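The structure appears below as structure tokens.
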There are 2 protein chains.
Amino acid sequence: MTTSELTETSEDQLELFLAQASSAAGPFGAIEPSRRARMLEAIATSLNDAAELLCGIAAEETHLAPARLHGELARTCFQLELMASALDEGAYLGMVIDNADERWPTGPRPNLRRMLRPLGPVVVFAASNFPFAFGVAGGDTASALASGCPVVLKVHPGHPRLSCEIARLVRDTLDRAGAPVGTFREIYGERAGRLALLHPRIAAGAFTGSLAAGRLLFDLACSRPHPIPFFGELGSINPVFVTRRAAERRRNEIIRGFVSSFTLGAGQFCTKPGVIFLPDADSMLRELGEAVDEIAPAELLNDTIAARYEEQRTLFARHPALHQVSTRSSGARSQPFPHLLRTSMTAFLSHADDLLSECFGPTSLAVSYDDERELLAAAHRLDGQLTTTLHAEEDDAIAEPLLEILAEHAGRVVWNDWPTGVSVTWAMQHGGPYPSTTAPQTTSVGTEAIGRFLRPVTYQSVPDHLLPVSLREQTYRQLPHRLNGHLVRPEGDV
Amino acid sequence: MTTSELTETSEDQLELFLAQASSAAGPFGAIEPSRRARMLEAIATSLNDAAELLCGIAAEETHLAPARLHGELARTCFQLELMASALDEGAYLGMVIDNADERWPTGPRPNLRRMLRPLGPVVVFAASNFPFAFGVAGGDTASALASGCPVVLKVHPGHPRLSCEIARLVRDTLDRAGAPVGTFREIYGERAGRLALLHPRIAAGAFTGSLAAGRLLFDLACSRPHPIPFFGELGSINPVFVTRRAAERRRNEIIRGFVSSFTLGAGQFCTKPGVIFLPDADSMLRELGEAVDEIAPAELLNDTIAARYEEQRTLFARHPALHQVSTRSSGARSQPFPHLLRTSMTAFLSHADDLLSECFGPTSLAVSYDDERELLAAAHRLDGQLTTTLHAEEDDAIAEPLLEILAEHAGRVVWNDWPTGVSVTWAMQHGGPYPSTTAPQTTSVGTEAIGRFLRPVTYQSVPDHLLPVSLREQTYRQLPHRLNGHLVRPEGDV
């Protein structure tokens, strides 16, 4: 089966799915969090049980190696389980209780109880580069379902059979677990995706992909008669800054680490470092080039990505400010040799707009500086990034001011490590100022991702038995909450 | 001094202010929260010390009564103080720490420390109807400054002298407290406001005002090459639903409460109830009309509001589905008599789009139903609202399903009370789905408003002494945080 063999979702089908999602929203959102947690775990189990089948299909459709695919699937299952644990804990509900207070400074305060409620049906646009982790049952789907929102999943055409199979597993598992009909539906085709995003029944959109496609969808979401939140993760340059002393003391480690990071997954990671700033040293550049020349080429994910990569690579190759460091020619179009170009800091600062373009694939730039203080000027020129990285010694005087600028431009600041590899944890932030995302105040990885699909509602003087279950006194006392301004841990917690 | 006597901010001045705000952002954001808390309190003290002067000017410019103005100023000062206490507590920083863990299920986890950081300079568009609480030093300014963002305040032309005076107080107080130059600047004129919102140095916008103006600014914010968050609070109909038994048992209380709520402040509150659904009873409508006819007219805030009110009031008066309940004529244009119109539920459901238009001033609609279950249909027709209100008896069967629909459409659900009067507390939610706001996931009143101007940054493996002070081990242990997935109260807290 190829993309063209898949039937695009018709308008009638879409209307049906959206009507079902809309009907499912109330009951699915009202399911108690611990039961929804078990549903997420059941999806993880289904995926895990089908690992051989799924990784086999994925390998055929994406050219990714089996080990990588098995690892990514494990990550995807763990992600569902970690979100389940966040539901069990309950802090994600953001519960705040103010008891009535006749003597409140601004006049009698009524009883106010605040919690986060699901937004409603979400359309998720799956990505091509992580067929599992950012795919049909990836982070956006996991966090939307965790929050209590039905999901309409727009399948990425890069791995249609895999998507079909995962979608079937998710649907079946949710059905068996008693989720309302329409809690999860997959759709096919760009047109269906756009129509869904514009549909009155959709309450939010989530997307992982290119800047061009993401901006187009963001503009659609904002242009609606009733605009909706759109969580687009659009990629990034992920610059790496190396101080003179770090380059002197950890030269080989930095050379190996950088080359391995920018060529990982054939450079098709949104956290791929697209530029490295190094002290001027011909020998270091030469060694970098040699290290790149040793890397075996890997097949790109699909023809579209190969074509776009070729285009950007050619722009770089012809750019008057850029010179080749690695020595191999481009290689096969679908399986190109990794590639490193170089320029001077002066040239970089003159051409920053051209050179800070994302090249999705195994190409990166090395910018050499004379004066370390130029790193500050380069950092100031950055657009919004998912990550910024600094390799430095702890007592480098430039480290503190440089870290501050790097934090202003990114969602994650990495020290003496590499940006590829985004751990799924409580503290992870995968997001950043535009253009790295359209929603810099949110993350698409980690437990905090759940909050994207929630909004606060305050209940004023509503009798306890008529409140949502979580807000009733017997329940909220068992959960983390704020009471009359004070943070309270659940009863029985130590 | 009138609006025309005030000089509009020139482009050169604006550039200067924005450059100053941009330079102030780093140092102001880096000031430790407890010191910024003292700055907010100092502003409150300055405002309070100048209460007589400020309320005198406000009374001249807005026609609002001295008691109301003194109360509103007290609320404004309290708001600054409550936000200061949120800074002292520190939970607003959203700190999450994951220690390095070699055995993390998806591979070795690095040390990750996440906190919320200020977005950068914010442009705040002040409102006309609350010259203090949503004015120059109102909720948006208080929460932006609390978060560590410099503020460029676009003055509302409805009370220019008051704005000028408050702006001077805020600037002087911040200067004395050692805030960086440019932390607060006021600008004048619509053009300057628009230019600021489009300026690359501005990181977010906040607005309280009309749907038309708010949508225009939202569209500008989204259309930027680098879109920015825009927190627009655009008003609401704030429907009130009354069950049959509530109307029977608390008839007089409901009549008095409703009339007093929709005529409060001459109906110029964003939480004014613009429609009430009642059981069909001619006598109740007659008594409502009589109660409205007893209310003295109050002067509207300004000519623009008077003209818009006249326009919407005329549309309602001529609408074939609406009939007069109160008996007085419209009265003076700048000081109109409060006004109540009625229609049937059947007619309402046929003309809901017309009848659910906000009328900013002392006009409201009464919709009478035969069958109480029609309340569910009416609730389903609602657009996004700041508030929805239900008057019912605790054992009314319709209460639970109706509350659920009301919560789906609003930021605050009120039980047996009235929506006007928004308490400044920890649990308050003043916001709601579009069109009541452009950012349904946020509030513009209460301590949670601070979060609008923050975004998360995760530091990976950064040495303790190079982290922002709040994230260093010695500091974060004194503050509420999450550590390796577990919520932790500060050391020494009981």
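Note on naming: chains are A, B, ... as they come in the structure tokens, residues start from 1 per chain, ligands start from 1 in the order shown.
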
If you run DSSP on the backbone, which residues of region 46-149 of chain B are strand (DSSP E), as a PyMOL selection string? chain B and resi 96-98+112-118+122-125

Interface list for chain B, partner chain A, 7 Å threshold, only C-alpha atoms, as a PyMOL selection string: chain B and resi 75+96-98+106+109+112-114+222+226+400+407+411-415+423+426-429+434-435+440-441+454-462+466+485

Put those residues in a file: N, CA and C atoms, as a short mmCIF file (atom, residue, chain, number, x, y, z; two decimals), in the first residue's frame.
```cif
data_model
loop_
_atom_site.label_atom_id
_atom_site.label_comp_id
_atom_site.auth_asym_id
_atom_site.auth_seq_id
_atom_site.Cartn_x
_atom_site.Cartn_y
_atom_site.Cartn_z
N ARG B 75 -9.29 47.92 45.22
CA ARG B 75 -9.16 46.62 44.56
C ARG B 75 -7.85 46.55 43.76
N VAL B 96 10.45 22.57 38.04
CA VAL B 96 10.44 21.11 37.96
C VAL B 96 11.89 20.66 37.78
N ILE B 97 12.33 19.79 38.66
CA ILE B 97 13.72 19.33 38.63
C ILE B 97 13.73 17.82 38.42
N ASP B 98 14.43 17.36 37.41
CA ASP B 98 14.67 15.92 37.27
C ASP B 98 16.18 15.72 37.41
N THR B 106 13.81 5.30 29.11
CA THR B 106 14.08 5.55 27.70
C THR B 106 15.54 5.87 27.43
N ARG B 109 18.93 9.67 31.63
CA ARG B 109 18.30 10.99 31.68
C ARG B 109 19.31 11.99 32.21
N LEU B 112 17.81 17.82 34.41
CA LEU B 112 16.94 18.77 33.72
C LEU B 112 16.27 19.67 34.76
N ARG B 113 16.35 20.97 34.56
CA ARG B 113 15.70 21.90 35.48
C ARG B 113 14.87 22.88 34.69
N ARG B 114 13.60 22.89 35.00
CA ARG B 114 12.64 23.68 34.22
C ARG B 114 12.08 24.80 35.08
N CYS B 222 -1.32 37.94 15.20
CA CYS B 222 -1.10 36.65 14.51
C CYS B 222 -0.46 36.84 13.14
N HIS B 226 6.76 37.16 13.10
CA HIS B 226 6.87 36.33 14.30
C HIS B 226 5.63 36.59 15.14
N GLU B 400 -27.76 19.52 37.09
CA GLU B 400 -26.49 18.89 36.76
C GLU B 400 -26.18 18.94 35.26
N ALA B 407 -20.64 25.08 31.79
CA ALA B 407 -19.18 25.04 31.99
C ALA B 407 -18.44 24.89 30.65
N GLY B 411 -15.80 30.60 31.30
CA GLY B 411 -14.66 30.52 32.21
C GLY B 411 -15.10 30.45 33.67
N ARG B 412 -16.29 30.99 33.96
CA ARG B 412 -16.77 30.95 35.35
C ARG B 412 -18.25 30.60 35.35
N VAL B 413 -18.62 29.68 36.19
CA VAL B 413 -20.01 29.25 36.31
C VAL B 413 -20.51 29.67 37.69
N VAL B 414 -21.58 30.46 37.69
CA VAL B 414 -22.06 31.07 38.94
C VAL B 414 -23.37 30.40 39.35
N TRP B 415 -23.49 30.07 40.61
CA TRP B 415 -24.69 29.41 41.14
C TRP B 415 -25.41 30.35 42.10
N SER B 423 -14.15 38.66 42.04
CA SER B 423 -13.26 38.72 43.21
C SER B 423 -11.81 38.47 42.79
N TRP B 426 -7.05 33.67 44.40
CA TRP B 426 -6.20 32.64 43.79
C TRP B 426 -7.00 31.80 42.79
N ALA B 427 -8.27 31.56 43.11
CA ALA B 427 -9.06 30.61 42.31
C ALA B 427 -9.87 31.30 41.20
N MET B 428 -9.79 32.61 41.10
CA MET B 428 -10.64 33.29 40.11
C MET B 428 -10.21 32.94 38.69
N GLN B 429 -11.21 32.79 37.81
CA GLN B 429 -10.96 32.66 36.38
C GLN B 429 -11.78 33.74 35.69
N TYR B 434 -13.55 31.87 22.98
CA TYR B 434 -13.84 32.94 22.03
C TYR B 434 -15.34 32.98 21.76
N PRO B 435 -15.96 34.14 21.62
CA PRO B 435 -15.37 35.48 21.55
C PRO B 435 -15.19 36.19 22.89
N PRO B 440 -8.47 31.42 25.67
CA PRO B 440 -9.34 30.78 26.67
C PRO B 440 -8.59 30.03 27.75
N GLN B 441 -7.29 29.82 27.57
CA GLN B 441 -6.53 29.05 28.55
C GLN B 441 -5.93 29.92 29.64
N LEU B 454 4.76 34.36 30.95
CA LEU B 454 5.91 33.51 31.21
C LEU B 454 5.96 32.39 30.20
N ARG B 455 7.16 31.86 29.99
CA ARG B 455 7.29 30.65 29.16
C ARG B 455 8.35 29.76 29.78
N PRO B 456 8.19 28.44 29.59
CA PRO B 456 9.13 27.51 30.23
C PRO B 456 10.46 27.42 29.49
N VAL B 457 11.52 27.29 30.26
CA VAL B 457 12.84 26.97 29.72
C VAL B 457 13.42 25.85 30.59
N THR B 458 13.94 24.82 29.93
CA THR B 458 14.60 23.72 30.65
C THR B 458 16.10 23.81 30.44
N TYR B 459 16.82 23.75 31.55
CA TYR B 459 18.28 23.78 31.50
C TYR B 459 18.78 22.35 31.65
N GLN B 460 19.56 21.91 30.69
CA GLN B 460 20.05 20.52 30.69
C GLN B 460 21.51 20.49 31.09
N SER B 461 21.78 19.86 32.22
CA SER B 461 23.16 19.63 32.71
C SER B 461 23.93 20.93 32.98
N VAL B 462 23.25 22.05 33.12
CA VAL B 462 23.95 23.31 33.37
C VAL B 462 24.44 23.32 34.82
N LEU B 466 25.83 28.37 37.37
CA LEU B 466 25.55 29.10 36.13
C LEU B 466 24.05 29.15 35.81
N GLY B 485 9.61 13.96 39.78
CA GLY B 485 8.21 13.56 39.65
C GLY B 485 7.37 13.80 40.89
#
```

Region 353-382 of chain A: residues DSSP assigns to helix (DSSP H, G or I), reported as a compact mmCIF listing (two decimals) with C-alpha atoms, in the first residue's frame:
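File produced: result-v2.txt:
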```
# COMPACT_ATOMS: atom_id res chain seq x y z
CA ASP A 353 19.30 35.40 7.57
CA ASP A 354 20.37 33.03 4.78
CA LEU A 355 22.55 30.85 6.95
CA GLU A 374 31.66 37.45 18.94
CA LEU A 375 29.66 34.51 20.30
CA LEU A 376 27.47 37.03 22.13
CA ALA A 377 26.73 38.90 18.89
CA ALA A 378 25.94 35.64 17.11
CA ALA A 379 23.61 34.55 19.92
CA HIS A 380 21.75 37.85 19.71
```

May I have the residues within 7 Å of Val242 (chain A) as a list in words, using only C-alpha atoms and disregarding those fewer than 3 positions away in the same chain?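 Counting only C-alpha atoms, the residues come to Ala246, Ala247, Phe277, Leu278, Leu390, His391 and Ala392 of chain A.
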
Within 12 Å of Leu197 (chain A), counting only C-alpha atoms, which residues qualify if same-chain residues fewer than 4 places away don't, as a VMD selection string? chain A and resid 14 18 121 to 125 151 to 154 187 190 to 193 201 to 207 216 to 224 226 to 231

Please determine, counting only C-alpha atoms, which residue among A:Arg318, A:Arg328, A:Arg250, A:Arg381 has the shortest atom-to-atom distance to Gly289 (chain A). A:Arg328

Find the residues near Leu64 (chain A): any atom within 8 Å, counting only C-alpha atoms, skip ones fewer than 2 places away on the same chain, and give them as JSON, numbers by chain. {"A": [58, 59, 62, 66, 68, 69, 265, 299, 301]}

Ranking B:Arg176, B:Arg161, B:Arg171, B:Arg103 by minimum distance to Arg38 (chain B) and counting only C-alpha atoms, which one comes first? B:Arg176

Point-to-point distance in Å for CA of Ala449 (chain B) and CA of Ala142 (chain B):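 Answer for the CA of Ala142 (chain B) to CA of Ala449 (chain B) separation: 9.1 Å.
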
Which residues come within 10 Å of Ser470 (chain A), counting only C-alpha atoms, excluding same-chain residues fewer than 2 positions away, as a ChimeraX atom specification? /A:30,32-33,90,93,95,115,467-468,472-479

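Taking only C-alpha atoms, the non-local environment of Pro338 (chain B) within 8 Å (same-chain residues fewer than 3 positions away omitted) comprises Thr263, Ala266, Val292, Asp293, Ile295, Ala296, Pro297, Ser330, Pro362 and Thr363 of chain B.
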
Would you mind exporting C-alpha atoms of the selected residues as an mmCIF file, in the first residue's frame?
```cif
data_model
loop_
_atom_site.group_PDB
_atom_site.id
_atom_site.type_symbol
_atom_site.label_atom_id
_atom_site.label_comp_id
_atom_site.auth_asym_id
_atom_site.auth_seq_id
_atom_site.Cartn_x
_atom_site.Cartn_y
_atom_site.Cartn_z
ATOM 1 C CA THR B 263 -27.718 48.060 35.627
ATOM 2 C CA ALA B 266 -24.752 51.659 33.911
ATOM 3 C CA VAL B 292 -36.166 48.392 35.993
ATOM 4 C CA ASP B 293 -38.369 51.488 35.840
ATOM 5 C CA ILE B 295 -33.626 52.490 38.607
ATOM 6 C CA ALA B 296 -32.181 55.981 38.209
ATOM 7 C CA PRO B 297 -30.301 56.556 34.984
ATOM 8 C CA SER B 330 -34.716 55.773 26.072
ATOM 9 C CA PRO B 362 -27.992 49.174 30.768
ATOM 10 C CA THR B 363 -30.091 46.974 28.441
#
```

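CA of Leu234 (chain A) sits 8.4 Å away from CA of Ala213 (chain A).
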